[in-house]
Every structure is written in structure tokens, then in C-alpha cells.
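Participant: Following this message is one structure expressed as C-alpha cells.
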Amino acid sequence: DSTDDIVKALLANQVNATADLSYSDVKQLDAKKYSAITKPIQSGVYALINTKSALLSDIKLRRALQLATDTSAIINILPEGTPSLNLPFTEGQLSGDIPAVAKFDIEASKKILNDDGWALNSNGIREKDGKKLTISVVAMKGGEFEAVLELLSNQWKSVGFNIETKVVDLSDITQNAVQNILQPRNYDALIYQLDIGADPDVYAYWDSTQMTSAGLNYSNYSNIISDDALTSARSRVEPDIRNAKYITFVKQWINDVPAIGLYQSTIQYVYSVNVHAFNKSNVLVSPIDRYSDILRWSVGDKTVYKTP
């Protein structure tokens, strides 16, 4: 019923393998009894910025947050082999002249805030016209999200943002996080995983028609150029044309900063050293794809019959 139960079952030799544990859970296991593989999947974790919020509707503040985000420091606290992810697509989904995202530059971030009139007070928090630069950041409970939330919040605080953090549990019916947090976009920034998939059709996450409570555009992102590119791309089958449309979208997405890419998602596949399962060379779109070679899984092997 929970990751704690899975860990107990592994320690008691009741199960042979799992892909449902976080990196911190895996550390509890005996390395002599269990092997662990970190495998990327076609999903990404982002700091989704609510572009309609009172403060972060200002693109200058979104750019300041982006420049203050050190994604390499975030990846350093994650399992070895976690790929970086700067765009709304994973590595290899686009080709050609792909634009680059602005790199971590804390001084440039401070300059944007200074030039925009946000001055540091005695407590190290920026103020403007008597109003503090306070934003709320929400993360989902479980996995590495809470550790990422803490690190990211500290990075943003270092340039003068006042950060109010909240961790919500989607499985806790008393919190009702979907109706209270996600649907009304009740946050300034949301640390969240987006499932991209094998096909780079990210219309559901970034088109303005998906800004409704039932939609998945958690950034409330709206841009005519982006909308046109996304709609056109999903209606074409020619790879070159689709690629060109998505590059047009990416250029606008980078300019508007509706989100900050943090890293590509991974799964921790843990299995007993006594079993043969899951070829390490397999490419996974989602965690379920680990079963693609299940016909070759076995518990030990031996020669049953040998022709003389």
C-alpha cells in the first residue's frame, strides 16, 4: 500500500523487484542483496510558473527566477545518471537549430530585480512600493520533490524572493489537492512531473485552450504563436514539418518562460541479485515499458539438456 511497505517486503525477501521506490528508499536496501538501475523515462520535472499570478505575470520576474535556478545543483542531489532537461521536450525529440535556454547567472538575476525597482530590505527580502516579493511554491509529496523544493526555494531566496512553500499529498483525500490546488492554479510556482511520451506532442500542457480547470496547462500559458505552432504540428505527419513547428514553439516558450526545466524523470528499478530481469539497454517511455522483455526474465539459470 505504500513505499514503506515495499521496502519492508524487500528486506523480508517477499518480493524480487520493484520500480516504485525513490532514491532515498533505495538507500535503505542491502547492496549485496539488491541491484538498482536508474533509467530515464520520457517525462520531465519542471517548475511550472503561474503566468496569471499577481507577481509572476511579469515576465521580468519569471526571467529572474530562471537565471537564479542552478539545475546542476538539483541534479547533484538526484540519482547518478539523471539527465538534465531544459526544454518542454526530452533529448533527441527535436533536431536542427534548437535554441538554448539562458544559463544559471545569479548576478544577472539580481540585476533584473534591481533594474525593475525591487530593492533588498534589512531581512534580505526584496520590496517594491511597500510590497514584498513573496511567491508561493507547491510540490507534490513523495519521491524527490520535497528535496528539490527545499533546494530550489533556497536558490530563489538567495536573490531576494520570499518563498512560501507547501507540500501536498494527492493521495490524501482530506487535502483534496486536485480541486484545491491544481484546478484553480492555487500557487505561483508548481514543481510537477509532466509525462511527455515518445511523440513530442505537448499540446495538452502548453496550449491556451488547456488553461481550464479540467486542462493540464498548469502554467496558464497563453501565446498566439505557441498555440498556432502546437496546433499545426499535431495535425501534420511529415517529420520535418512537425520538427520545424515545434522549434517555433520552443523559441517562443523560451522567450516567455512559463516554466523552468529542472531534470528528466527517472525510475529506480530495484531487483534481487538472484534474478535476471529488465535489460539495462532497454529504452523506456514510461515505467511500464520495463516489462517489454518479460519473456526473457528468469530466476537463475542452468543447463537442462546438452546434446552429446
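Residue names in the C-alpha cells use chain letters A, B, ... in the order shown, residue numbers from 1 in each chain, and ligand numbers from 1 in the order shown.
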Using only C-alpha atoms, which residues sit within 12 Å of Ser109 in chain A once same-chain residues fewer than 4 positions away are excluded, as an NGL selection string?
Facilitator: :A and (60-70 or 102-105 or 113-116 or 118 or 155-161)
Participant: Tell me which protein, DNA and RNA residues are within 10 Å of Asp169 in chain A, counting only C-alpha atoms, leaving out same-chain ones fewer than 2 positions away, and put them as a PyMOL selection string.
Facilitator: chain A and resi 139-142+167+171-178
Participant: Smallest atom-to-atom distance to Leu78 in chain A: which of A:Val202, A:Leu133, A:Val257, A:Val148, using only C-alpha atoms?
Facilitator: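 Ranked by minimum distance to Leu78 in chain A, first place goes to A:Val148.
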Participant: Please report the interatomic distance between CA of Ile98 in chain A and CA of Leu284 in chain A in Å with one decimal.
Facilitator: 23.7 Å
Participant: Which residues are close to range 265-274 of chain A, i.e. within 7 Å by only C-alpha atoms, leaving aside same-chain residues fewer than 6 positions away? Reply as a short mmCIF file (atom, residue, chain, number, x, y, z; two decimals) with N, CA, C and O atoms, in the first residue's frame.
Facilitator:
```
data_model
loop_
_atom_site.label_atom_id
_atom_site.label_comp_id
_atom_site.auth_asym_id
_atom_site.auth_seq_id
_atom_site.Cartn_x
_atom_site.Cartn_y
_atom_site.Cartn_z
N ASN A 16 10.75 -9.79 -5.44
CA ASN A 16 12.03 -9.83 -6.14
C ASN A 16 12.45 -8.51 -6.75
O ASN A 16 13.63 -8.26 -6.95
N ALA A 17 11.47 -7.68 -7.11
CA ALA A 17 11.82 -6.44 -7.81
C ALA A 17 10.71 -5.42 -7.67
O ALA A 17 9.55 -5.75 -7.41
N THR A 18 11.08 -4.14 -7.88
CA THR A 18 10.10 -3.05 -7.85
C THR A 18 10.65 -1.86 -8.61
O THR A 18 11.86 -1.68 -8.73
N ALA A 19 9.74 -1.03 -9.11
CA ALA A 19 10.12 0.24 -9.75
C ALA A 19 9.40 1.39 -9.09
O ALA A 19 9.25 2.45 -9.67
N LEU A 21 10.10 2.79 -5.96
CA LEU A 21 10.81 3.42 -4.85
C LEU A 21 11.54 4.68 -5.28
O LEU A 21 11.96 4.81 -6.43
N SER A 22 11.71 5.59 -4.34
CA SER A 22 12.51 6.79 -4.58
C SER A 22 13.97 6.49 -4.30
O SER A 22 14.32 5.43 -3.75
N TYR A 23 14.82 7.42 -4.66
CA TYR A 23 16.26 7.26 -4.45
C TYR A 23 16.57 7.07 -2.96
O TYR A 23 17.41 6.25 -2.59
N LYS A 33 22.34 -7.67 -1.63
CA LYS A 33 21.16 -8.47 -1.97
C LYS A 33 20.39 -7.91 -3.16
O LYS A 33 19.69 -8.64 -3.86
N TYR A 34 20.52 -6.57 -3.35
CA TYR A 34 19.72 -5.93 -4.41
C TYR A 34 20.58 -5.02 -5.27
O TYR A 34 21.47 -4.33 -4.77
N SER A 35 20.29 -5.06 -6.56
CA SER A 35 20.90 -4.13 -7.50
C SER A 35 19.87 -3.07 -7.86
O SER A 35 18.66 -3.31 -7.80
N ALA A 36 20.35 -1.88 -8.23
CA ALA A 36 19.44 -0.79 -8.59
C ALA A 36 19.92 -0.13 -9.88
O ALA A 36 21.11 0.12 -10.05
N ILE A 37 18.98 0.10 -10.78
CA ILE A 37 19.27 0.76 -12.04
C ILE A 37 18.49 2.07 -12.10
O ILE A 37 17.29 2.10 -11.80
N THR A 38 19.16 3.14 -12.46
CA THR A 38 18.49 4.41 -12.71
C THR A 38 18.26 4.53 -14.21
O THR A 38 19.21 4.55 -14.99
N LYS A 39 17.00 4.59 -14.63
CA LYS A 39 16.67 4.66 -16.05
C LYS A 39 15.82 5.90 -16.34
O LYS A 39 14.79 6.10 -15.70
N PRO A 40 16.23 6.71 -17.31
CA PRO A 40 15.39 7.85 -17.70
C PRO A 40 14.11 7.39 -18.37
O PRO A 40 14.07 6.35 -19.03
N ILE A 41 13.04 8.13 -18.18
CA ILE A 41 11.79 7.90 -18.89
C ILE A 41 11.41 9.20 -19.61
O ILE A 41 11.98 10.25 -19.35
N SER A 43 9.62 11.69 -19.46
CA SER A 43 8.89 12.64 -18.64
C SER A 43 9.88 13.66 -18.10
O SER A 43 11.09 13.41 -18.07
N GLY A 44 9.37 14.80 -17.68
CA GLY A 44 10.26 15.82 -17.15
C GLY A 44 9.67 16.49 -15.93
O GLY A 44 8.44 16.58 -15.78
N VAL A 45 10.54 16.95 -15.05
CA VAL A 45 10.11 17.68 -13.85
C VAL A 45 10.41 19.16 -14.08
O VAL A 45 11.53 19.52 -14.45
N THR A 82 20.83 10.89 -13.73
CA THR A 82 19.64 11.70 -14.02
C THR A 82 20.00 12.74 -15.08
O THR A 82 20.88 13.57 -14.86
N PRO A 287 7.41 3.96 -17.07
CA PRO A 287 7.86 2.84 -16.24
C PRO A 287 7.30 1.49 -16.68
O PRO A 287 7.96 0.47 -16.51
N VAL A 299 14.60 -16.73 -12.95
CA VAL A 299 15.18 -16.83 -11.61
C VAL A 299 16.28 -17.87 -11.68
O VAL A 299 16.03 -19.06 -11.61
N GLY A 300 17.49 -17.41 -11.91
CA GLY A 300 18.61 -18.32 -12.06
C GLY A 300 18.59 -19.01 -13.42
O GLY A 300 17.62 -18.92 -14.18
#
```
Participant: Could you list, as a list of chain:residue names, every residue within 9 Å of Pro99 in chain A, counting only C-alpha atoms and ignoring same-chain residues fewer than 2 positions away?
Facilitator: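 My list of contacting residues is A:Asp97, A:Val101, A:Ile247, A:Val250, A:Lys251, A:Ile254.
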Participant: Report as a ChimeraX atom specification all protein, DNA and RNA residues lying within 8 Å of Ala229 in chain A, evaluated on only C-alpha atoms, omitting residues in the same chain fewer than 6 positions from it.
Facilitator: /A:245-246,248-249
Participant: With only C-alpha atoms as the atoms that count, which of A:Ile135, A:Asp293, A:Gln210, A:Leu152 lies nearest to Ser281 in chain A?
Facilitator: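 Ranking A:Ile135, A:Asp293, A:Gln210, A:Leu152 by distance to Ser281 in chain A, first place goes to A:Asp293.
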